[in-house]
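Here the structure comes first, spelled out in C-alpha cells, and everything after it is commentary.
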Amino acid sequence: TNKWSYDHRQEGAALGQKMSYIRQTAGDRGALKDIQIFGMSSWLRQVHDAVLKLFRDFQLREQRVRLLGDLAEVALTFLRNGAAYGYLLALALGEGLSVSEFLLYFTAVGNFTTWVTGILKGFGELHQFSLELSSVRGYIEAPEPFRMEGGKAIEPDTSLPYTLELRDVSFRYPNTETWALRHVNMKFQVGSRLAVVGENGSGKTTFIKLLCRLYDPTQGEILLNGIDIRKYSYRQYIDLFSVVFQDFQLLAFPLGQNVAAAVEVDKGRAARCLEMAGFGKRLAALPQGLETPLYKEFDESGVQVSGGEAQKIALARALYKDAPFVVLDEPTAALDPVAEMEVYENFDKIVGDKTAVYISHRLSSCRFCDDIAVFDHGHIVQQGSHDALVEAPGKYQELWHAQAQYYAKQEKEPGVE
C-alpha cells in the first residue's frame, strides 16, 4: 500500500496542483477583469469540475488499494489468531491442560501477537519513511547547478574598472535542440551604455539571463576581469547586478521593504531612489509614506499601484541595490509618454558611472546608448552606435524604418494628432 502511494505520488500531486491553481486564479484580483469581461466563470468551473473528478477518481483508486491491504491484514490476523487459539483448545481438550495453564498460554499468545503486530507495523512505517526520504535524498544528492558558497572572491583592481566579456557563447535550454544563442562575442566595461535590440525570440532575454548567471553557457565562457565567472563565488557575482526584469515582482509588503528588498530600510536612501525613478510625487501623497503596504493580500489598507507605478518601484529597487551593472528590460513599457521621457532625460543621472544594459523594442530610446547590439535568431548580426547602424543596410535599419514608417503613417492620417 505504501509503495502504491509512493509510485503514484506525482499523479496525485499534479492533480492537487491543478486544483490549487484554478482556485487561486478564480480568486485573483489581477485576473478578475478578464474573468468578468470574457465570461470565464463557466469555463473555470468546467475545468475545475473536470479536474475534481479526476482527483476523486485517484482518491478512490488509492482507497481501494488501502481497503485491499486492510482486508488482507484482517484475514491474516484472523488466520494467525485462529490457528494459535485452536491449537490451545486442542491441547486443552486432548491433553487435559489445566485452566491456569490455558489462561497462561492464551495470554502469552495474545501478548506475543501484539508484539509481532507492533514490530510489523514499525517495519511498515520504516518502509514508508524510507520511500519518502528517498525523494529528499535524491534532491540533496542532485548535482548543484551553481555553487552558492565558496569559489574565488571578487577582488578587482581598484585602479581598473570591471571588464565583462562573452567569448563564443552559445546556449540552448534543457530538453530542446534549438539554440537560443549562438557564437555570441561581446566585451564592455563599467560606465558604458549598451542597448540590446531585436525582434521577439531573437535571444535578448536569454543573453541577460546568461549575463546574470541565471544559467551557464552551453558552450563558450563569460569572463569577468579575464576570469571565467564560474570560478567566482556565485553570491558575490550576482551581487554585481541590479536587474529590472520585464516580468518583475513586487510583494504585498510595505513600499520601503519592496525597494530595499529587506526588512531593514534606509529610508532616506529609499526615498531618493524612488524620486530618481519618478515616484516622488506619488510617495509624497501616500499617508504612510514608505510604510504604506502594497496590494491588499495582507492588509485592507494596502495600495493598489498601477503598472507604470510598479515599474518605477522596480527601477528604484535596482537603484537602491547600487550594483555596478544595471540591467533594464523594457524599463518604460508600462509608463506614459511623459514619464518615459523623464526616464530617458534622467537616464545618465539614474545610472551614474555604472554599466547599463538596456533592452528595448523602441529603437528611438536607444540613441542615448554608447553601443547597440542587434540580435537576430540568437546571433549578434550588427553592433555599433545608433548613427552608424541607421545608415548601414541591415537588421537595425530595417527595424528603424519599420517603426518610423508607422509613426509617419499615423501623422498623415486625418484626425490623428
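Every chain in the C-alpha cells takes a letter, A first, then B, and so on in the order presented; its residues are numbered from 1, and the ligands are numbered from 1 following the presented order.
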- request: Might you pull out every residue within 7 Å of Lys312 of chain A, with only C-alpha atoms counted and same-chain residues fewer than 5 positions away left off, and present them as number ranges by chain?
  value: A: 277-279
Would you list, as an mmCIF file with all heavy atoms, in the first residue's frame, the residues of segment 122-325 of chain A that end up in strand (DSSP E) under DSSP run on this structure's backbone?
```cif
data_model
loop_
_atom_site.group_PDB
_atom_site.id
_atom_site.type_symbol
_atom_site.label_atom_id
_atom_site.label_comp_id
_atom_site.auth_asym_id
_atom_site.auth_seq_id
_atom_site.Cartn_x
_atom_site.Cartn_y
_atom_site.Cartn_z
ATOM 1 N N THR A 163 35.672 44.540 -16.196
ATOM 2 C CA THR A 163 35.577 44.235 -17.620
ATOM 3 C C THR A 163 34.835 42.920 -17.775
ATOM 4 O O THR A 163 35.231 41.904 -17.201
ATOM 5 C CB THR A 163 36.976 44.114 -18.261
ATOM 6 O OG1 THR A 163 37.672 45.338 -18.103
ATOM 7 C CG2 THR A 163 36.848 43.784 -19.735
ATOM 8 N N LEU A 164 33.750 42.939 -18.538
ATOM 9 C CA LEU A 164 32.930 41.747 -18.742
ATOM 10 C C LEU A 164 32.976 41.378 -20.213
ATOM 11 O O LEU A 164 32.787 42.231 -21.090
ATOM 12 C CB LEU A 164 31.490 42.023 -18.303
ATOM 13 C CG LEU A 164 30.593 40.826 -18.025
ATOM 14 C CD1 LEU A 164 31.180 39.955 -16.914
ATOM 15 C CD2 LEU A 164 29.201 41.287 -17.626
ATOM 16 N N GLU A 165 33.247 40.104 -20.489
ATOM 17 C CA GLU A 165 33.396 39.664 -21.868
ATOM 18 C C GLU A 165 32.670 38.340 -22.087
ATOM 19 O O GLU A 165 32.775 37.421 -21.270
ATOM 20 C CB GLU A 165 34.878 39.493 -22.214
ATOM 21 C CG GLU A 165 35.126 39.004 -23.634
ATOM 22 C CD GLU A 165 36.589 38.782 -23.932
ATOM 23 O OE1 GLU A 165 37.423 38.964 -23.003
ATOM 24 O OE2 GLU A 165 36.917 38.413 -25.077
ATOM 25 N N LEU A 166 31.947 38.252 -23.181
ATOM 26 C CA LEU A 166 31.347 36.997 -23.634
ATOM 27 C C LEU A 166 32.191 36.483 -24.794
ATOM 28 O O LEU A 166 32.371 37.188 -25.799
ATOM 29 C CB LEU A 166 29.900 37.186 -24.089
ATOM 30 C CG LEU A 166 28.844 37.334 -22.984
ATOM 31 C CD1 LEU A 166 28.852 38.756 -22.418
ATOM 32 C CD2 LEU A 166 27.455 36.995 -23.505
ATOM 33 N N ARG A 167 32.690 35.270 -24.646
ATOM 34 C CA ARG A 167 33.606 34.731 -25.647
ATOM 35 C C ARG A 167 32.998 33.477 -26.273
ATOM 36 O O ARG A 167 32.907 32.428 -25.645
ATOM 37 C CB ARG A 167 34.958 34.426 -24.997
ATOM 38 C CG ARG A 167 36.037 33.976 -25.969
ATOM 39 C CD ARG A 167 37.350 33.766 -25.232
ATOM 40 N NE ARG A 167 37.887 35.018 -24.678
ATOM 41 C CZ ARG A 167 38.949 35.073 -23.869
ATOM 42 N NH1 ARG A 167 39.561 33.944 -23.513
ATOM 43 N NH2 ARG A 167 39.378 36.231 -23.405
ATOM 44 N N ASP A 168 32.541 33.600 -27.504
ATOM 45 C CA ASP A 168 31.983 32.484 -28.280
ATOM 46 C C ASP A 168 30.907 31.732 -27.477
ATOM 47 O O ASP A 168 30.922 30.507 -27.362
ATOM 48 C CB ASP A 168 33.087 31.524 -28.706
ATOM 49 C CG ASP A 168 32.640 30.609 -29.852
ATOM 50 O OD1 ASP A 168 31.801 31.045 -30.651
ATOM 51 O OD2 ASP A 168 33.113 29.458 -29.910
ATOM 52 N N VAL A 169 29.967 32.480 -26.912
ATOM 53 C CA VAL A 169 28.937 31.908 -26.038
ATOM 54 C C VAL A 169 27.767 31.383 -26.868
ATOM 55 O O VAL A 169 27.217 32.094 -27.719
ATOM 56 C CB VAL A 169 28.437 32.958 -25.017
ATOM 57 C CG1 VAL A 169 27.184 32.462 -24.299
ATOM 58 C CG2 VAL A 169 29.539 33.265 -24.015
ATOM 59 N N SER A 170 27.404 30.139 -26.619
ATOM 60 C CA SER A 170 26.207 29.530 -27.201
ATOM 61 C C SER A 170 25.388 28.915 -26.080
ATOM 62 O O SER A 170 25.930 28.458 -25.064
ATOM 63 C CB SER A 170 26.578 28.455 -28.226
ATOM 64 O OG SER A 170 27.312 29.003 -29.303
ATOM 65 N N PHE A 171 24.067 28.896 -26.273
ATOM 66 C CA PHE A 171 23.205 28.360 -25.216
ATOM 67 C C PHE A 171 21.917 27.809 -25.812
ATOM 68 O O PHE A 171 21.350 28.373 -26.748
ATOM 69 C CB PHE A 171 22.848 29.457 -24.200
ATOM 70 C CG PHE A 171 21.922 28.983 -23.116
ATOM 71 C CD1 PHE A 171 22.406 28.243 -22.050
ATOM 72 C CD2 PHE A 171 20.570 29.268 -23.171
ATOM 73 C CE1 PHE A 171 21.553 27.795 -21.058
ATOM 74 C CE2 PHE A 171 19.709 28.830 -22.173
ATOM 75 C CZ PHE A 171 20.201 28.088 -21.116
ATOM 76 N N LEU A 181 21.024 31.066 -28.269
ATOM 77 C CA LEU A 181 22.127 31.950 -28.620
ATOM 78 C C LEU A 181 23.192 31.130 -29.320
ATOM 79 O O LEU A 181 23.398 29.960 -28.992
ATOM 80 C CB LEU A 181 22.733 32.616 -27.377
ATOM 81 C CG LEU A 181 21.916 33.687 -26.641
ATOM 82 C CD1 LEU A 181 22.687 34.180 -25.429
ATOM 83 C CD2 LEU A 181 21.563 34.838 -27.566
ATOM 84 N N ARG A 182 23.891 31.763 -30.245
ATOM 85 C CA ARG A 182 24.903 31.020 -30.992
ATOM 86 C C ARG A 182 26.094 31.915 -31.279
ATOM 87 O O ARG A 182 25.973 32.986 -31.900
ATOM 88 C CB ARG A 182 24.301 30.510 -32.310
ATOM 89 C CG ARG A 182 25.083 29.380 -32.957
ATOM 90 C CD ARG A 182 25.019 28.120 -32.126
ATOM 91 N NE ARG A 182 25.617 26.980 -32.815
ATOM 92 C CZ ARG A 182 26.297 26.034 -32.217
ATOM 93 N NH1 ARG A 182 26.510 26.094 -30.907
ATOM 94 N NH2 ARG A 182 26.776 25.011 -32.890
ATOM 95 N N HIS A 183 27.271 31.533 -30.759
ATOM 96 C CA HIS A 183 28.550 32.193 -31.048
ATOM 97 C C HIS A 183 28.483 33.708 -30.792
ATOM 98 O O HIS A 183 28.782 34.520 -31.673
ATOM 99 C CB HIS A 183 28.977 31.926 -32.494
ATOM 100 C CG HIS A 183 29.092 30.475 -32.838
ATOM 101 N ND1 HIS A 183 29.910 29.611 -32.136
ATOM 102 C CD2 HIS A 183 28.463 29.713 -33.790
ATOM 103 C CE1 HIS A 183 29.801 28.390 -32.647
ATOM 104 N NE2 HIS A 183 28.919 28.421 -33.635
ATOM 105 N N VAL A 184 28.091 34.062 -29.592
ATOM 106 C CA VAL A 184 27.991 35.474 -29.215
ATOM 107 C C VAL A 184 29.320 35.932 -28.624
ATOM 108 O O VAL A 184 29.853 35.308 -27.702
ATOM 109 C CB VAL A 184 26.858 35.692 -28.198
ATOM 110 C CG1 VAL A 184 26.862 37.125 -27.680
ATOM 111 C CG2 VAL A 184 25.513 35.355 -28.839
ATOM 112 N N ASN A 185 29.851 37.029 -29.161
ATOM 113 C CA ASN A 185 31.081 37.634 -28.653
ATOM 114 C C ASN A 185 30.819 39.102 -28.353
ATOM 115 O O ASN A 185 30.270 39.829 -29.191
ATOM 116 C CB ASN A 185 32.218 37.512 -29.683
ATOM 117 C CG ASN A 185 32.656 36.073 -29.889
ATOM 118 O OD1 ASN A 185 33.438 35.537 -29.117
ATOM 119 N ND2 ASN A 185 32.122 35.440 -30.930
ATOM 120 N N MET A 186 31.207 39.531 -27.149
ATOM 121 C CA MET A 186 30.964 40.912 -26.756
ATOM 122 C C MET A 186 31.872 41.265 -25.581
ATOM 123 O O MET A 186 32.206 40.406 -24.770
ATOM 124 C CB MET A 186 29.497 41.103 -26.360
ATOM 125 C CG MET A 186 29.121 42.523 -26.022
ATOM 126 S SD MET A 186 27.385 42.663 -25.565
ATOM 127 C CE MET A 186 26.625 42.215 -27.115
ATOM 128 N N LYS A 187 32.225 42.532 -25.486
ATOM 129 C CA LYS A 187 33.065 42.982 -24.394
ATOM 130 C C LYS A 187 32.679 44.412 -24.036
ATOM 131 O O LYS A 187 32.523 45.256 -24.914
ATOM 132 C CB LYS A 187 34.546 42.930 -24.791
ATOM 133 C CG LYS A 187 35.520 43.267 -23.665
ATOM 134 C CD LYS A 187 36.962 43.068 -24.125
ATOM 135 C CE LYS A 187 37.947 43.328 -22.986
ATOM 136 N NZ LYS A 187 39.347 43.105 -23.417
ATOM 137 N N PHE A 188 32.493 44.676 -22.739
ATOM 138 C CA PHE A 188 32.194 46.038 -22.306
ATOM 139 C C PHE A 188 32.678 46.246 -20.883
ATOM 140 O O PHE A 188 32.924 45.297 -20.140
ATOM 141 C CB PHE A 188 30.701 46.368 -22.433
ATOM 142 C CG PHE A 188 29.781 45.316 -21.890
ATOM 143 C CD1 PHE A 188 29.329 45.365 -20.582
ATOM 144 C CD2 PHE A 188 29.337 44.276 -22.703
ATOM 145 C CE1 PHE A 188 28.467 44.408 -20.097
ATOM 146 C CE2 PHE A 188 28.473 43.313 -22.216
ATOM 147 C CZ PHE A 188 28.037 43.379 -20.904
ATOM 148 N N GLN A 189 32.787 47.548 -20.507
ATOM 149 C CA GLN A 189 33.350 47.920 -19.217
ATOM 150 C C GLN A 189 32.368 48.786 -18.442
ATOM 151 O O GLN A 189 31.378 49.289 -18.982
ATOM 152 C CB GLN A 189 34.663 48.688 -19.409
ATOM 153 C CG GLN A 189 35.782 47.842 -20.003
ATOM 154 C CD GLN A 189 37.061 48.635 -20.161
ATOM 155 O OE1 GLN A 189 37.032 49.860 -20.283
ATOM 156 N NE2 GLN A 189 38.193 47.954 -20.140
ATOM 157 N N ARG A 193 27.217 52.264 -21.947
ATOM 158 C CA ARG A 193 25.777 52.117 -22.104
ATOM 159 C C ARG A 193 25.526 51.209 -23.310
ATOM 160 O O ARG A 193 25.815 51.585 -24.439
ATOM 161 C CB ARG A 193 25.102 53.467 -22.347
ATOM 162 C CG ARG A 193 25.478 54.530 -21.325
ATOM 163 C CD ARG A 193 24.746 54.315 -20.018
ATOM 164 N NE ARG A 193 24.892 55.450 -19.120
ATOM 165 C CZ ARG A 193 25.789 55.526 -18.167
ATOM 166 N NH1 ARG A 193 26.654 54.537 -17.979
ATOM 167 N NH2 ARG A 193 25.850 56.578 -17.378
ATOM 168 N N LEU A 194 24.990 50.035 -23.062
ATOM 169 C CA LEU A 194 24.746 49.069 -24.124
ATOM 170 C C LEU A 194 23.250 48.876 -24.298
ATOM 171 O O LEU A 194 22.540 48.563 -23.331
ATOM 172 C CB LEU A 194 25.411 47.725 -23.801
ATOM 173 C CG LEU A 194 25.053 46.561 -24.740
ATOM 174 C CD1 LEU A 194 25.655 46.807 -26.126
ATOM 175 C CD2 LEU A 194 25.554 45.236 -24.171
ATOM 176 N N ALA A 195 22.756 49.052 -25.508
ATOM 177 C CA ALA A 195 21.368 48.755 -25.843
ATOM 178 C C ALA A 195 21.313 47.427 -26.585
ATOM 179 O O ALA A 195 22.146 47.159 -27.464
ATOM 180 C CB ALA A 195 20.766 49.863 -26.701
ATOM 181 N N VAL A 196 20.360 46.595 -26.229
ATOM 182 C CA VAL A 196 20.165 45.291 -26.873
ATOM 183 C C VAL A 196 18.810 45.316 -27.552
ATOM 184 O O VAL A 196 17.774 45.486 -26.884
ATOM 185 C CB VAL A 196 20.237 44.145 -25.839
ATOM 186 C CG1 VAL A 196 19.998 42.805 -26.515
ATOM 187 C CG2 VAL A 196 21.582 44.145 -25.138
ATOM 188 N N VAL A 197 18.792 45.163 -28.870
ATOM 189 C CA VAL A 197 17.544 45.244 -29.619
ATOM 190 C C VAL A 197 17.404 44.017 -30.505
ATOM 191 O O VAL A 197 18.369 43.287 -30.773
ATOM 192 C CB VAL A 197 17.479 46.527 -30.467
ATOM 193 C CG1 VAL A 197 17.619 47.761 -29.593
ATOM 194 C CG2 VAL A 197 18.567 46.520 -31.544
ATOM 195 N N GLY A 198 16.197 43.813 -30.977
ATOM 196 C CA GLY A 198 15.911 42.682 -31.848
ATOM 197 C C GLY A 198 14.455 42.280 -31.721
ATOM 198 O O GLY A 198 13.745 42.710 -30.811
ATOM 199 N N GLN A 219 27.989 26.376 -24.365
ATOM 200 C CA GLN A 219 29.334 26.414 -24.942
ATOM 201 C C GLN A 219 29.902 27.816 -24.743
ATOM 202 O O GLN A 219 29.158 28.781 -24.594
ATOM 203 C CB GLN A 219 29.305 26.068 -26.433
ATOM 204 C CG GLN A 219 28.830 24.658 -26.746
ATOM 205 C CD GLN A 219 28.724 24.407 -28.239
ATOM 206 O OE1 GLN A 219 29.030 25.274 -29.051
ATOM 207 N NE2 GLN A 219 28.277 23.208 -28.608
ATOM 208 N N GLY A 220 31.217 27.914 -24.745
ATOM 209 C CA GLY A 220 31.861 29.209 -24.575
ATOM 210 C C GLY A 220 31.971 29.587 -23.109
ATOM 211 O O GLY A 220 31.699 28.795 -22.207
ATOM 212 N N GLU A 221 32.380 30.832 -22.867
ATOM 213 C CA GLU A 221 32.582 31.281 -21.495
ATOM 214 C C GLU A 221 32.333 32.774 -21.372
ATOM 215 O O GLU A 221 32.439 33.528 -22.349
ATOM 216 C CB GLU A 221 34.002 30.947 -21.021
ATOM 217 C CG GLU A 221 35.099 31.510 -21.909
ATOM 218 C CD GLU A 221 36.478 31.046 -21.480
ATOM 219 O OE1 GLU A 221 36.582 30.332 -20.473
ATOM 220 O OE2 GLU A 221 37.456 31.420 -22.167
ATOM 221 N N ILE A 222 31.951 33.166 -20.166
ATOM 222 C CA ILE A 222 31.777 34.571 -19.825
ATOM 223 C C ILE A 222 32.872 34.922 -18.827
ATOM 224 O O ILE A 222 33.047 34.238 -17.814
ATOM 225 C CB ILE A 222 30.385 34.834 -19.228
ATOM 226 C CG1 ILE A 222 29.296 34.395 -20.218
ATOM 227 C CG2 ILE A 222 30.220 36.303 -18.882
ATOM 228 C CD1 ILE A 222 27.893 34.511 -19.667
ATOM 229 N N LEU A 223 33.605 35.991 -19.101
ATOM 230 C CA LEU A 223 34.776 36.351 -18.301
ATOM 231 C C LEU A 223 34.536 37.661 -17.577
ATOM 232 O O LEU A 223 34.042 38.642 -18.171
ATOM 233 C CB LEU A 223 36.007 36.482 -19.198
ATOM 234 C CG LEU A 223 36.332 35.291 -20.115
ATOM 235 C CD1 LEU A 223 37.504 35.626 -21.025
ATOM 236 C CD2 LEU A 223 36.629 34.050 -19.292
ATOM 237 N N LEU A 224 34.872 37.688 -16.305
ATOM 238 C CA LEU A 224 34.889 38.920 -15.521
ATOM 239 C C LEU A 224 36.339 39.212 -15.168
ATOM 240 O O LEU A 224 36.992 38.408 -14.504
ATOM 241 C CB LEU A 224 34.049 38.770 -14.249
ATOM 242 C CG LEU A 224 34.082 39.965 -13.291
ATOM 243 C CD1 LEU A 224 33.440 41.188 -13.934
ATOM 244 C CD2 LEU A 224 33.390 39.630 -11.971
ATOM 245 N N ILE A 227 38.603 36.307 -16.025
ATOM 246 C CA ILE A 227 38.432 35.023 -15.341
ATOM 247 C C ILE A 227 37.011 34.520 -15.564
ATOM 248 O O ILE A 227 36.044 35.286 -15.463
ATOM 249 C CB ILE A 227 38.716 35.162 -13.830
ATOM 250 C CG1 ILE A 227 40.160 35.622 -13.610
ATOM 251 C CG2 ILE A 227 38.466 33.858 -13.098
ATOM 252 C CD1 ILE A 227 40.497 35.924 -12.163
ATOM 253 N N ASP A 228 36.880 33.241 -15.867
ATOM 254 C CA ASP A 228 35.573 32.622 -16.075
ATOM 255 C C ASP A 228 34.699 32.851 -14.839
ATOM 256 O O ASP A 228 35.113 32.577 -13.701
ATOM 257 C CB ASP A 228 35.755 31.120 -16.324
ATOM 258 C CG ASP A 228 34.482 30.466 -16.849
ATOM 259 O OD1 ASP A 228 33.384 30.856 -16.422
ATOM 260 O OD2 ASP A 228 34.582 29.543 -17.682
ATOM 261 N N PHE A 241 24.925 42.765 -9.950
ATOM 262 C CA PHE A 241 23.879 43.133 -10.904
ATOM 263 C C PHE A 241 22.624 43.633 -10.198
ATOM 264 O O PHE A 241 22.163 43.043 -9.218
ATOM 265 C CB PHE A 241 23.512 41.935 -11.784
ATOM 266 C CG PHE A 241 24.602 41.524 -12.723
ATOM 267 C CD1 PHE A 241 25.580 40.630 -12.319
ATOM 268 C CD2 PHE A 241 24.668 42.034 -14.008
ATOM 269 C CE1 PHE A 241 26.601 40.255 -13.173
ATOM 270 C CE2 PHE A 241 25.679 41.666 -14.875
ATOM 271 C CZ PHE A 241 26.655 40.774 -14.460
ATOM 272 N N SER A 242 22.095 44.733 -10.721
ATOM 273 C CA SER A 242 20.743 45.183 -10.389
ATOM 274 C C SER A 242 19.920 45.051 -11.667
ATOM 275 O O SER A 242 20.295 45.619 -12.705
ATOM 276 C CB SER A 242 20.739 46.639 -9.929
ATOM 277 O OG SER A 242 21.261 46.762 -8.621
ATOM 278 N N VAL A 243 18.827 44.306 -11.605
ATOM 279 C CA VAL A 243 18.067 43.987 -12.813
ATOM 280 C C VAL A 243 16.601 44.362 -12.619
ATOM 281 O O VAL A 243 16.010 44.061 -11.576
ATOM 282 C CB VAL A 243 18.169 42.489 -13.160
ATOM 283 C CG1 VAL A 243 17.528 42.214 -14.519
ATOM 284 C CG2 VAL A 243 19.619 42.033 -13.157
ATOM 285 N N VAL A 244 16.037 45.021 -13.615
ATOM 286 C CA VAL A 244 14.593 45.223 -13.679
ATOM 287 C C VAL A 244 14.087 44.336 -14.809
ATOM 288 O O VAL A 244 14.181 44.700 -15.984
ATOM 289 C CB VAL A 244 14.226 46.696 -13.936
ATOM 290 C CG1 VAL A 244 12.702 46.856 -13.967
ATOM 291 C CG2 VAL A 244 14.820 47.587 -12.859
ATOM 292 N N PHE A 325 26.550 46.955 -12.241
ATOM 293 C CA PHE A 325 25.878 46.668 -13.509
ATOM 294 C C PHE A 325 24.372 46.829 -13.321
ATOM 295 O O PHE A 325 23.784 46.223 -12.421
ATOM 296 C CB PHE A 325 26.171 45.249 -13.995
ATOM 297 C CG PHE A 325 27.593 45.024 -14.409
ATOM 298 C CD1 PHE A 325 28.542 44.589 -13.497
ATOM 299 C CD2 PHE A 325 27.996 45.247 -15.718
ATOM 300 C CE1 PHE A 325 29.851 44.377 -13.874
ATOM 301 C CE2 PHE A 325 29.307 45.042 -16.104
ATOM 302 C CZ PHE A 325 30.243 44.610 -15.181
#
```
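When the distance limit is 7 Å and only C-alpha atoms are what count, the residues near Thr355 of chain A, minus those fewer than 2 positions from it on the same chain, are Gln189, Val190, Gly191, Ser192, Arg193, Pro324, Phe325, Val326, Asp353 and Val357 of chain A.
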Output N, CA and C atoms for every residue in the selection just made, as a PDB file, in the first residue's frame.
```pdb
ATOM      1  N   GLN A 189      32.787  47.548 -20.507  1.00  0.00           N
ATOM      2  CA  GLN A 189      33.350  47.920 -19.217  1.00  0.00           C
ATOM      3  C   GLN A 189      32.368  48.786 -18.442  1.00  0.00           C
ATOM      4  N   VAL A 190      32.671  48.959 -17.161  1.00  0.00           N
ATOM      5  CA  VAL A 190      31.843  49.815 -16.320  1.00  0.00           C
ATOM      6  C   VAL A 190      31.793  51.226 -16.894  1.00  0.00           C
ATOM      7  N   GLY A 191      30.603  51.810 -16.891  1.00  0.00           N
ATOM      8  CA  GLY A 191      30.424  53.162 -17.395  1.00  0.00           C
ATOM      9  C   GLY A 191      29.866  53.206 -18.795  1.00  0.00           C
ATOM     10  N   SER A 192      29.899  52.096 -19.523  1.00  0.00           N
ATOM     11  CA  SER A 192      29.377  52.077 -20.884  1.00  0.00           C
ATOM     12  C   SER A 192      27.863  51.872 -20.869  1.00  0.00           C
ATOM     13  N   ARG A 193      27.217  52.264 -21.947  1.00  0.00           N
ATOM     14  CA  ARG A 193      25.777  52.117 -22.104  1.00  0.00           C
ATOM     15  C   ARG A 193      25.526  51.209 -23.310  1.00  0.00           C
ATOM     16  N   PRO A 324      27.257  47.626  -9.622  1.00  0.00           N
ATOM     17  CA  PRO A 324      27.984  48.249 -10.739  1.00  0.00           C
ATOM     18  C   PRO A 324      27.366  48.002 -12.106  1.00  0.00           C
ATOM     19  N   PHE A 325      26.550  46.955 -12.241  1.00  0.00           N
ATOM     20  CA  PHE A 325      25.878  46.668 -13.509  1.00  0.00           C
ATOM     21  C   PHE A 325      24.372  46.829 -13.321  1.00  0.00           C
ATOM     22  N   VAL A 326      23.748  47.631 -14.160  1.00  0.00           N
ATOM     23  CA  VAL A 326      22.302  47.834 -14.126  1.00  0.00           C
ATOM     24  C   VAL A 326      21.718  47.308 -15.429  1.00  0.00           C
ATOM     25  N   ASP A 353      27.792  56.235 -12.915  1.00  0.00           N
ATOM     26  CA  ASP A 353      29.012  55.680 -13.501  1.00  0.00           C
ATOM     27  C   ASP A 353      28.927  54.160 -13.651  1.00  0.00           C
ATOM     28  N   VAL A 357      22.895  47.994 -19.230  1.00  0.00           N
ATOM     29  CA  VAL A 357      22.472  47.146 -20.354  1.00  0.00           C
ATOM     30  C   VAL A 357      20.974  47.342 -20.495  1.00  0.00           C
TER      31      VAL A 357
END
```
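Here atom CA of Pro174 of chain A is placed at a distance of 13.4 Å from atom CA of Leu214 of chain A.
Reported to one decimal place, the separation of atom CA of Arg269 of chain A from atom CA of Gly352 of chain A is 15.5 Å.
Of note, atom CA of Ile380 of chain A and atom CA of Trp179 of chain A are spaced 13.4 Å apart.
Residue nearest Phe112 of chain A, chosen from A:Asp70, A:Leu126, A:Ala84, A:Ser100 and counting only C-alpha atoms: A:Ala84.
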For Gln246 of chain A, the closest of A:Asp329, A:Asp322, A:Asp387, A:Glu275 counting only C-alpha atoms is A:Asp329
Residue set, segment 280-371 of chain A restricted to alpha helix (DSSP H), as an MDAnalysis selection string = chainID A and resid 280:285 307:321 337:345 347:351
Would you save the residues of that selection, restricted to C-alpha atoms, as a PDB file, in the first residue's frame?
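In the end it all went to again19.pdb:
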```pdb
ATOM      1  CA  GLY A 280       8.483  61.065  -5.785  1.00  0.00           C
ATOM      2  CA  LYS A 281       5.107  62.781  -6.151  1.00  0.00           C
ATOM      3  CA  ARG A 282       3.215  59.544  -5.544  1.00  0.00           C
ATOM      4  CA  LEU A 283       5.336  58.842  -2.468  1.00  0.00           C
ATOM      5  CA  ALA A 284       4.557  62.299  -1.048  1.00  0.00           C
ATOM      6  CA  ALA A 285       0.828  61.625  -1.468  1.00  0.00           C
ATOM      7  CA  GLY A 307       1.568  49.028 -13.880  1.00  0.00           C
ATOM      8  CA  GLY A 308       3.604  52.173 -14.512  1.00  0.00           C
ATOM      9  CA  GLU A 309       3.963  52.888 -10.790  1.00  0.00           C
ATOM     10  CA  ALA A 310       5.037  49.300 -10.150  1.00  0.00           C
ATOM     11  CA  GLN A 311       7.679  49.666 -12.858  1.00  0.00           C
ATOM     12  CA  LYS A 312       9.021  52.809 -11.165  1.00  0.00           C
ATOM     13  CA  ILE A 313       9.226  50.971  -7.832  1.00  0.00           C
ATOM     14  CA  ALA A 314      11.111  48.130  -9.522  1.00  0.00           C
ATOM     15  CA  LEU A 315      13.533  50.658 -11.025  1.00  0.00           C
ATOM     16  CA  ALA A 316      14.001  52.232  -7.576  1.00  0.00           C
ATOM     17  CA  ARG A 317      14.787  48.781  -6.161  1.00  0.00           C
ATOM     18  CA  ALA A 318      17.508  48.337  -8.786  1.00  0.00           C
ATOM     19  CA  LEU A 319      18.968  51.739  -7.882  1.00  0.00           C
ATOM     20  CA  TYR A 320      18.815  51.002  -4.145  1.00  0.00           C
ATOM     21  CA  LYS A 321      20.995  47.916  -4.586  1.00  0.00           C
ATOM     22  CA  PRO A 337       4.868  59.221 -22.637  1.00  0.00           C
ATOM     23  CA  VAL A 338       5.712  61.970 -20.104  1.00  0.00           C
ATOM     24  CA  ALA A 339       7.126  59.523 -17.570  1.00  0.00           C
ATOM     25  CA  GLU A 340       9.004  57.721 -20.340  1.00  0.00           C
ATOM     26  CA  MET A 341      10.582  60.992 -21.471  1.00  0.00           C
ATOM     27  CA  GLU A 342      11.633  61.751 -17.878  1.00  0.00           C
ATOM     28  CA  VAL A 343      13.357  58.372 -17.618  1.00  0.00           C
ATOM     29  CA  TYR A 344      15.235  58.978 -20.874  1.00  0.00           C
ATOM     30  CA  GLU A 345      16.260  62.503 -19.903  1.00  0.00           C
ATOM     31  CA  PHE A 347      18.991  58.134 -17.682  1.00  0.00           C
ATOM     32  CA  ASP A 348      22.617  59.233 -17.234  1.00  0.00           C
ATOM     33  CA  LYS A 349      21.769  60.660 -13.820  1.00  0.00           C
ATOM     34  CA  ILE A 350      19.930  57.480 -12.811  1.00  0.00           C
ATOM     35  CA  VAL A 351      22.657  55.112 -13.956  1.00  0.00           C
TER      36      VAL A 351
END
```
Practice prompt. Identify, on the basis of only C-alpha atoms, every residue whose closest approach to Lys152 of chain A does not exceed 8 Å; exclude the query and any residue fewer than 2 positions from it along the same chain; express the result as a PyMOL selection string.
Written response: chain A and resi 150+154+231-233
